[in-house]
>>> print(open('upload.txt').read())   # compact mmCIF, C-alpha atoms
# COMPACT_ATOMS: atom_id res chain seq x y z
CA MET U 1407 -34.23 -26.32 15.88
CA GLU U 1408 -35.83 -24.40 13.01
CA TRP U 1409 -33.58 -23.42 10.12
CA TYR U 1410 -34.19 -19.69 10.62
CA PHE U 1411 -32.98 -19.96 14.21
CA VAL U 1412 -29.81 -21.58 12.95
CA LEU U 1413 -29.23 -18.73 10.49
CA ALA U 1414 -30.02 -16.17 13.20
CA LEU U 1415 -27.53 -17.75 15.60
CA ILE U 1416 -24.76 -17.82 12.99
CA GLY U 1417 -25.42 -14.29 11.75
CA THR U 1418 -25.66 -12.85 15.24
CA GLY U 1419 -22.57 -14.80 16.24
CA ILE U 1420 -20.55 -13.17 13.45
CA ALA U 1421 -21.56 -9.70 14.62
CA ALA U 1422 -20.96 -10.58 18.28
CA GLY U 1423 -17.56 -12.14 17.60
CA PHE U 1424 -16.42 -9.03 15.72
CA ILE U 1425 -17.68 -6.68 18.43
CA ASN U 1426 -16.21 -8.77 21.26
CA THR U 1427 -12.79 -8.90 19.63
CA THR U 1428 -12.55 -5.20 18.76
CA ALA U 1429 -14.39 -3.71 21.74
CA GLY U 1430 -16.92 -5.57 23.88
CA GLY U 1431 -20.62 -6.05 24.41
CA GLY U 1432 -21.32 -8.74 21.84
CA SER U 1433 -23.23 -10.74 24.42
CA MET U 1434 -25.84 -7.99 24.32
CA LEU U 1435 -26.80 -9.52 20.96
CA THR U 1436 -26.38 -13.19 21.73
CA LEU U 1437 -28.05 -13.45 25.16
CA PRO U 1438 -31.43 -12.05 24.02
CA LEU U 1439 -31.35 -14.29 20.94
CA LEU U 1440 -30.64 -17.41 22.98
CA MET U 1441 -33.59 -16.56 25.19
CA ALA U 1442 -35.72 -15.86 22.11
CA ILE U 1443 -35.19 -19.40 20.84
CA GLY U 1444 -36.54 -20.73 24.13
CA LEU U 1445 -33.63 -21.00 26.55
CA PRO U 1446 -34.17 -19.82 30.15
CA ALA U 1447 -31.98 -16.87 31.16
CA ASN U 1448 -29.60 -19.03 33.22
CA MET U 1449 -29.12 -21.50 30.34
CA ALA U 1450 -28.65 -18.67 27.86
CA ASN U 1451 -25.95 -17.24 30.15
CA GLY U 1452 -24.18 -20.61 30.26
CA THR U 1453 -24.66 -21.51 26.59
CA ASN U 1454 -23.20 -18.17 25.52
CA ARG U 1455 -19.89 -19.18 27.15
CA ILE U 1456 -19.41 -21.96 24.58
CA ALA U 1457 -19.36 -19.39 21.78
CA ILE U 1458 -17.16 -17.03 23.82
CA LEU U 1459 -14.62 -19.78 24.46
CA LEU U 1460 -14.30 -20.89 20.83
CA GLN U 1461 -14.44 -17.31 19.55
CA ASN U 1462 -11.49 -16.34 21.74
CA ILE U 1463 -9.41 -19.34 20.68
CA ILE U 1464 -9.59 -17.89 17.16
CA GLY U 1465 -8.97 -14.36 18.41
CA VAL U 1466 -5.91 -15.32 20.47
CA SER U 1467 -4.47 -17.34 17.60
CA THR U 1468 -4.94 -14.45 15.16
CA PHE U 1469 -3.45 -11.83 17.47
CA LYS U 1470 -0.52 -14.12 18.24
CA ASN U 1471 0.17 -14.74 14.54
CA LYS U 1472 0.09 -10.97 13.99
CA HIS U 1473 2.72 -10.60 16.76
CA VAL U 1474 0.44 -8.42 18.89
CA LEU U 1475 0.16 -10.87 21.79
CA ASP U 1476 3.07 -12.26 23.83
CA LEU U 1477 1.85 -15.21 25.90
CA LYS U 1478 5.13 -15.35 27.83
CA THR U 1479 4.27 -12.10 29.63
CA ASP U 1480 0.58 -11.46 29.06
CA TYR U 1481 -0.62 -14.42 31.11
CA ARG U 1482 -0.13 -12.76 34.51
CA LEU U 1483 -3.36 -10.81 34.68
CA ALA U 1484 -5.35 -13.88 33.66
CA VAL U 1485 -4.65 -15.48 37.04
CA PRO U 1486 -6.72 -13.09 39.22
CA ALA U 1487 -9.36 -12.89 36.47
CA VAL U 1488 -9.76 -16.69 36.56
CA ALA U 1489 -10.13 -16.65 40.34
CA GLY U 1490 -12.74 -13.93 40.12
CA SER U 1491 -14.65 -15.64 37.31
CA LEU U 1492 -15.06 -18.82 39.35
CA VAL U 1493 -16.64 -16.88 42.21
CA GLY U 1494 -18.80 -14.90 39.78
CA ALA U 1495 -20.01 -18.03 37.98
CA LEU U 1496 -21.06 -19.59 41.29
CA PHE U 1497 -23.21 -16.54 41.99
CA ALA U 1498 -24.53 -16.51 38.42
CA VAL U 1499 -26.22 -19.88 38.67
CA GLU U 1500 -28.43 -18.53 41.48
CA MET U 1501 -28.72 -14.71 41.33
CA ASP U 1502 -30.98 -12.23 39.57
CA VAL U 1503 -28.96 -9.69 37.55
CA ASP U 1504 -31.36 -6.76 36.97
CA LEU U 1505 -29.95 -4.49 39.70
CA LEU U 1506 -26.37 -5.32 38.75
CA LYS U 1507 -27.10 -4.37 35.13
CA LYS U 1508 -28.13 -0.87 36.22
CA VAL U 1509 -24.96 -0.43 38.29
CA ILE U 1510 -22.81 -1.63 35.40
CA ALA U 1511 -24.64 0.73 33.02
CA GLY U 1512 -23.74 3.65 35.29
CA LEU U 1513 -20.08 2.65 35.40
CA MET U 1514 -20.01 2.27 31.64
CA VAL U 1515 -21.31 5.82 31.20
CA VAL U 1516 -18.23 6.99 33.10
CA LEU U 1517 -15.96 4.85 30.91
CA LEU U 1518 -17.63 6.19 27.77
CA LEU U 1519 -16.92 9.76 28.86
CA VAL U 1520 -13.26 8.84 29.41
CA VAL U 1521 -13.02 7.33 25.93
CA VAL U 1522 -14.76 10.28 24.24
CA LEU U 1523 -13.21 13.16 26.18
CA LYS U 1524 -9.66 11.80 26.47
CA PRO U 1525 -9.04 9.92 23.23
CA GLU U 1526 -5.27 10.34 23.48
CA VAL U 1527 -5.25 7.95 26.43
CA TRP U 1528 -6.78 5.21 24.28
CA VAL U 1529 -5.14 5.98 20.94
CA LYS U 1530 -1.51 6.89 21.52
CA GLU U 1531 1.20 4.35 22.10
CA GLN U 1532 2.35 4.14 25.71
CA VAL U 1533 5.63 2.35 25.29
CA GLY U 1534 7.63 2.30 28.51
CA LYS U 1535 4.61 2.66 30.77
CA VAL U 1536 3.78 -1.04 30.85
CA GLU U 1537 5.08 -2.62 34.04
CA ALA U 1538 6.90 -5.94 33.74
CA LYS U 1539 5.01 -7.33 36.72
CA PRO U 1540 1.47 -6.29 37.69
CA SER U 1541 1.01 -4.50 41.01
CA VAL U 1542 -1.19 -5.72 43.85
CA MET U 1543 -3.80 -3.13 42.87
CA GLN U 1544 -3.85 -4.44 39.30
CA TYR U 1545 -4.37 -7.97 40.58
CA LEU U 1546 -7.32 -6.75 42.68
CA ILE U 1547 -8.80 -4.86 39.74
CA PHE U 1548 -8.62 -7.87 37.46
CA PHE U 1549 -10.04 -10.14 40.14
CA GLY U 1550 -13.04 -7.81 40.24
CA ILE U 1551 -13.34 -7.78 36.47
CA GLY U 1552 -13.15 -11.58 36.42
CA LEU U 1553 -15.86 -11.68 39.09
CA TYR U 1554 -18.21 -9.73 36.82
CA GLY U 1555 -17.21 -11.70 33.74
CA GLY U 1556 -17.91 -14.99 35.45
CA PHE U 1557 -21.25 -13.63 36.62
CA ILE U 1558 -22.80 -12.33 33.40
CA GLN U 1559 -20.06 -11.71 30.77
CA MET U 1560 -21.98 -8.95 28.94
CA GLY U 1561 -19.84 -5.81 28.71
CA VAL U 1562 -16.82 -7.29 30.50
CA GLY U 1563 -14.62 -6.39 27.54
CA PHE U 1564 -15.06 -2.69 28.26
CA PHE U 1565 -13.81 -3.08 31.81
CA LEU U 1566 -10.89 -5.22 30.70
CA LEU U 1567 -9.91 -2.59 28.14
CA ALA U 1568 -10.14 0.13 30.77
CA GLY U 1569 -7.94 -1.86 33.13
CA LEU U 1570 -5.40 -2.72 30.45
CA VAL U 1571 -5.16 0.78 28.94
CA LEU U 1572 -5.65 3.06 31.93
CA GLY U 1573 -4.31 0.73 34.59
CA CYS U 1574 -1.52 -1.12 32.80
CA GLY U 1575 -0.42 1.26 30.02
CA HIS U 1576 -1.19 -0.89 26.98
CA ASN U 1577 -2.24 0.80 23.75
CA LEU U 1578 -5.74 -0.11 22.54
CA VAL U 1579 -4.72 -2.72 19.97
CA ARG U 1580 -2.45 -4.59 22.40
CA ALA U 1581 -5.10 -4.25 25.10
CA ASN U 1582 -7.65 -5.91 22.82
CA ALA U 1583 -5.33 -8.85 22.28
CA VAL U 1584 -4.64 -9.28 26.00
CA LYS U 1585 -8.34 -8.88 26.75
CA VAL U 1586 -9.24 -11.70 24.37
CA PHE U 1587 -6.61 -13.94 25.99
CA ILE U 1588 -7.82 -13.22 29.53
CA VAL U 1589 -11.45 -13.89 28.59
CA LEU U 1590 -10.41 -17.15 26.90
CA ILE U 1591 -8.67 -18.42 30.03
CA TYR U 1592 -11.32 -17.53 32.57
CA THR U 1593 -14.18 -18.66 30.31
CA ALA U 1594 -12.67 -22.14 30.16
CA PHE U 1595 -13.00 -22.33 33.95
CA SER U 1596 -16.37 -20.60 34.40
CA LEU U 1597 -17.93 -22.69 31.61
CA GLY U 1598 -17.17 -25.78 33.69
CA ILE U 1599 -19.41 -24.49 36.46
CA PHE U 1600 -22.32 -23.98 34.06
CA ILE U 1601 -21.77 -27.46 32.62
CA PHE U 1602 -21.76 -28.95 36.13
CA HIS U 1603 -25.07 -27.25 36.88
CA LYS U 1604 -26.49 -28.42 33.51
CA GLN U 1605 -27.10 -24.85 32.37
CA ILE U 1606 -25.95 -25.11 28.76
CA ASP U 1607 -27.46 -26.15 25.43
CA ILE U 1608 -24.55 -27.70 23.55
CA VAL U 1609 -26.22 -27.63 20.10
CA ALA U 1610 -27.24 -23.96 20.27
CA GLY U 1611 -23.85 -23.08 21.75
CA LEU U 1612 -21.89 -24.72 18.93
CA ILE U 1613 -24.07 -23.17 16.21
CA LEU U 1614 -23.61 -19.75 17.78
CA ALA U 1615 -19.89 -20.44 18.14
CA ALA U 1616 -19.54 -21.01 14.38
CA GLY U 1617 -20.57 -17.40 13.80
CA ASN U 1618 -18.58 -16.05 16.73
CA MET U 1619 -15.40 -17.68 15.49
CA LEU U 1620 -15.69 -16.09 12.04
CA GLY U 1621 -16.51 -12.74 13.63
CA ALA U 1622 -13.49 -13.01 15.93
CA TRP U 1623 -11.16 -13.65 12.98
CA LEU U 1624 -12.56 -10.63 11.15
CA GLY U 1625 -12.38 -8.49 14.27
CA ALA U 1626 -8.79 -9.38 15.14
CA ASN U 1627 -7.61 -8.59 11.62
CA PHE U 1628 -9.51 -5.30 11.66
CA ALA U 1629 -7.96 -4.33 15.00
CA VAL U 1630 -4.42 -4.99 13.81
CA LYS U 1631 -4.83 -3.30 10.42
CA GLY U 1632 -6.98 -0.40 11.56
CA GLY U 1633 -4.94 0.46 14.62
CA ALA U 1634 -6.07 2.06 17.86
CA LYS U 1635 -7.78 5.02 16.19
CA TYR U 1636 -10.39 2.96 14.34
CA VAL U 1637 -10.80 0.45 17.15
CA ARG U 1638 -11.73 3.38 19.38
CA TYR U 1639 -14.62 4.28 17.04
CA VAL U 1640 -15.97 0.73 17.26
CA LEU U 1641 -15.50 0.86 21.03
CA ILE U 1642 -17.52 4.08 21.39
CA LEU U 1643 -20.37 2.79 19.21
CA ALA U 1644 -20.53 -0.52 21.06
CA MET U 1645 -20.50 1.19 24.48
CA VAL U 1646 -23.32 3.56 23.53
CA ILE U 1647 -25.50 0.70 22.31
CA VAL U 1648 -24.81 -1.46 25.37
CA ILE U 1649 -25.49 1.42 27.79
CA LEU U 1650 -28.81 2.19 26.09
CA ASN U 1651 -29.73 -1.48 26.21
CA LEU U 1652 -28.86 -1.81 29.91
CA PHE U 1653 -31.05 1.20 30.70
CA GLY U 1654 -33.92 -0.48 28.85
CA VAL U 1655 -34.08 1.88 25.85
CA PHE U 1656 -34.56 -1.06 23.49
CA GLY U 1657 -37.30 -2.56 25.66
>>> encode(input="upload.txt", output="structure tokens")
Amino acid sequence: MEWYFVLALIGTGIAAGFINTTAGGGSMLTLPLLMAIGLPANMANGTNRIAILLQNIIGVSTFKNKHVLDLKTDYRLAVPAVAGSLVGALFAVEMDVDLLKKVIAGLMVVLLLVVVLKPEVWVKEQVGKVEAKPSVMQYLIFFGIGLYGGFIQMGVGFFLLAGLVLGCGHNLVRANAVKVFIVLIYTAFSLGIFIFHKQIDIVAGLILAAGNMLGAWLGANFAVKGGAKYVRYVLILAMVIVILNLFGVFG
């Protein structure tokens, strides 16, 4: 691999890790780059999971050390997400994703309007609204989110944040921490499917992961120190860029 591709992977990984940890959509940067260095789309999709996995190990560790994440209670929603991700990954090794991208773009426009027009939902603390045990509906929602995450990953963070804030009552900083944990768990399982189908490039994945891990550490610290208000600004910017990209604005 040429040296400039190595630098590009690390630099893009830093940006993606930061975006993924504070909002979502970092794979919008990494997937095109992996394809630009010569990987087929299916291998780029699989290889990206290596960076996501290692990035989220750093993110979970940082959030836990900052006492934002409680693994004794926050594991519950990871279970349906893992189940969904396995089904999604099985589809991903075979399916074309162009139509799905357009559908997801439309849904993300709706989410963006919610974030922009009702900022109090995302910013204010919602202590007392978080249920000790998830409901059946929440399990179904997170199964669906896991299904999409296992399929293509790009933008899944936005849907996890929506489910955790609007559906479960977490404030945005706590939701980011739980989101990172859920993605870590289901990525460990879905990555196995891509490995089994030989749809990963281990060298490119590890180089990208080096950048993602640094970006995740920076992002987690920013989220904790900046609070929900500033995380929301990053979230809005990331959503706008991802929506424009999914509609083909950037070609």
>>> residues_around(input="upload.txt", residues="U:Val1466", least_positions_apart="5", cutoff="8 Å", atoms="all atoms listed in the file", output="list of chain:residue names")
U:Leu1475, U:Ala1583, U:Val1586, U:Phe1587
>>> closest_residue(input="upload.txt", among="U:Ala1616, U:Val1521, U:Leu1567, U:Val1589", to="U:Lys1635", atoms="all atoms listed in the file")
U:Val1521
>>> residues_around(input="upload.txt", residues="U:Leu1459", least_positions_apart="5", cutoff="7 Å", atoms="only C-alpha atoms", output="list in words")
Leu1590, Thr1593 and Ala1594 of chain U
>>> closest_residue(input="upload.txt", among="U:Trp1409, U:Gly1452, U:Gly1423, U:Phe1469", to="U:Arg1580", atoms="all atoms listed in the file")
U:Phe1469
>>> residues_around(input="upload.txt", residues="U:Asn1627", least_positions_apart="5", cutoff="10 Å", atoms="all atoms listed in the file", output="list in words")
Phe1424, Thr1427, Thr1428, Gly1465, Thr1468, Phe1469, Lys1472, Ala1622, Gly1632 and Gly1633 of chain U
>>> closest_residue(input="upload.txt", among="U:Lys1604, U:Arg1455, U:His1576, U:Arg1482", to="U:Gly1432", atoms="only C-alpha atoms")
U:Arg1455
>>> atom_distance(input="upload.txt", atom1="atom CA of U:Gly1417", atom2="atom CA of U:Val1640")
18.6 Å
>>> atom_distance(input="upload.txt", atom1="atom CA of U:Phe1557", atom2="atom CA of U:Val1412")
26.4 Å
>>> atom_distance(input="upload.txt", atom1="atom CA of U:Ile1464", atom2="atom CA of U:Phe1564")
19.6 Å
>>> closest_residue(input="upload.txt", among="U:Ala1626, U:Glu1500, U:Asp1476, U:Val1485", to="U:Ile1547", atoms="only C-alpha atoms")
U:Val1485
>>> residues_around(input="upload.txt", residues="U:Gly1419", least_positions_apart="6", cutoff="10 Å", atoms="only C-alpha atoms", output="mmCIF file with C-alpha atoms, keeping the file's coordinate frame")
data_model
loop_
_atom_site.group_PDB
_atom_site.id
_atom_site.type_symbol
_atom_site.label_atom_id
_atom_site.label_comp_id
_atom_site.auth_asym_id
_atom_site.auth_seq_id
_atom_site.Cartn_x
_atom_site.Cartn_y
_atom_site.Cartn_z
ATOM 1 C CA LEU U 1413 -29.230 -18.730 10.490
ATOM 2 C CA ILE U 1425 -17.680 -6.680 18.430
ATOM 3 C CA GLY U 1432 -21.320 -8.740 21.840
ATOM 4 C CA SER U 1433 -23.230 -10.740 24.420
ATOM 5 C CA LEU U 1435 -26.800 -9.520 20.960
ATOM 6 C CA THR U 1436 -26.380 -13.190 21.730
ATOM 7 C CA LEU U 1439 -31.350 -14.290 20.940
ATOM 8 C CA ASN U 1454 -23.200 -18.170 25.520
ATOM 9 C CA ALA U 1457 -19.360 -19.390 21.780
ATOM 10 C CA ILE U 1458 -17.160 -17.030 23.820
ATOM 11 C CA GLN U 1461 -14.440 -17.310 19.550
ATOM 12 C CA ILE U 1613 -24.070 -23.170 16.210
ATOM 13 C CA LEU U 1614 -23.610 -19.750 17.780
ATOM 14 C CA ALA U 1615 -19.890 -20.440 18.140
ATOM 15 C CA ALA U 1616 -19.540 -21.010 14.380
ATOM 16 C CA GLY U 1617 -20.570 -17.400 13.800
ATOM 17 C CA ASN U 1618 -18.580 -16.050 16.730
ATOM 18 C CA MET U 1619 -15.400 -17.680 15.490
ATOM 19 C CA LEU U 1620 -15.690 -16.090 12.040
ATOM 20 C CA GLY U 1621 -16.510 -12.740 13.630
ATOM 21 C CA ALA U 1622 -13.490 -13.010 15.930
#
>>> closest_residue(input="upload.txt", among="U:Ile1601, U:Leu1624, U:Leu1519, U:Val1648", to="U:Gly1563", atoms="all atoms listed in the file")
U:Val1648
>>> residues_near_point(input="upload.txt", point="(-15.3, -23.7, 33.1)", cutoff="12 Å", atoms="all atoms listed in the file", output="NGL selection string")
:U and (1452-1453 or 1455-1456 or 1458-1459 or 1488-1489 or 1491-1496 or 1556 or 1589-1603 or 1605-1606)
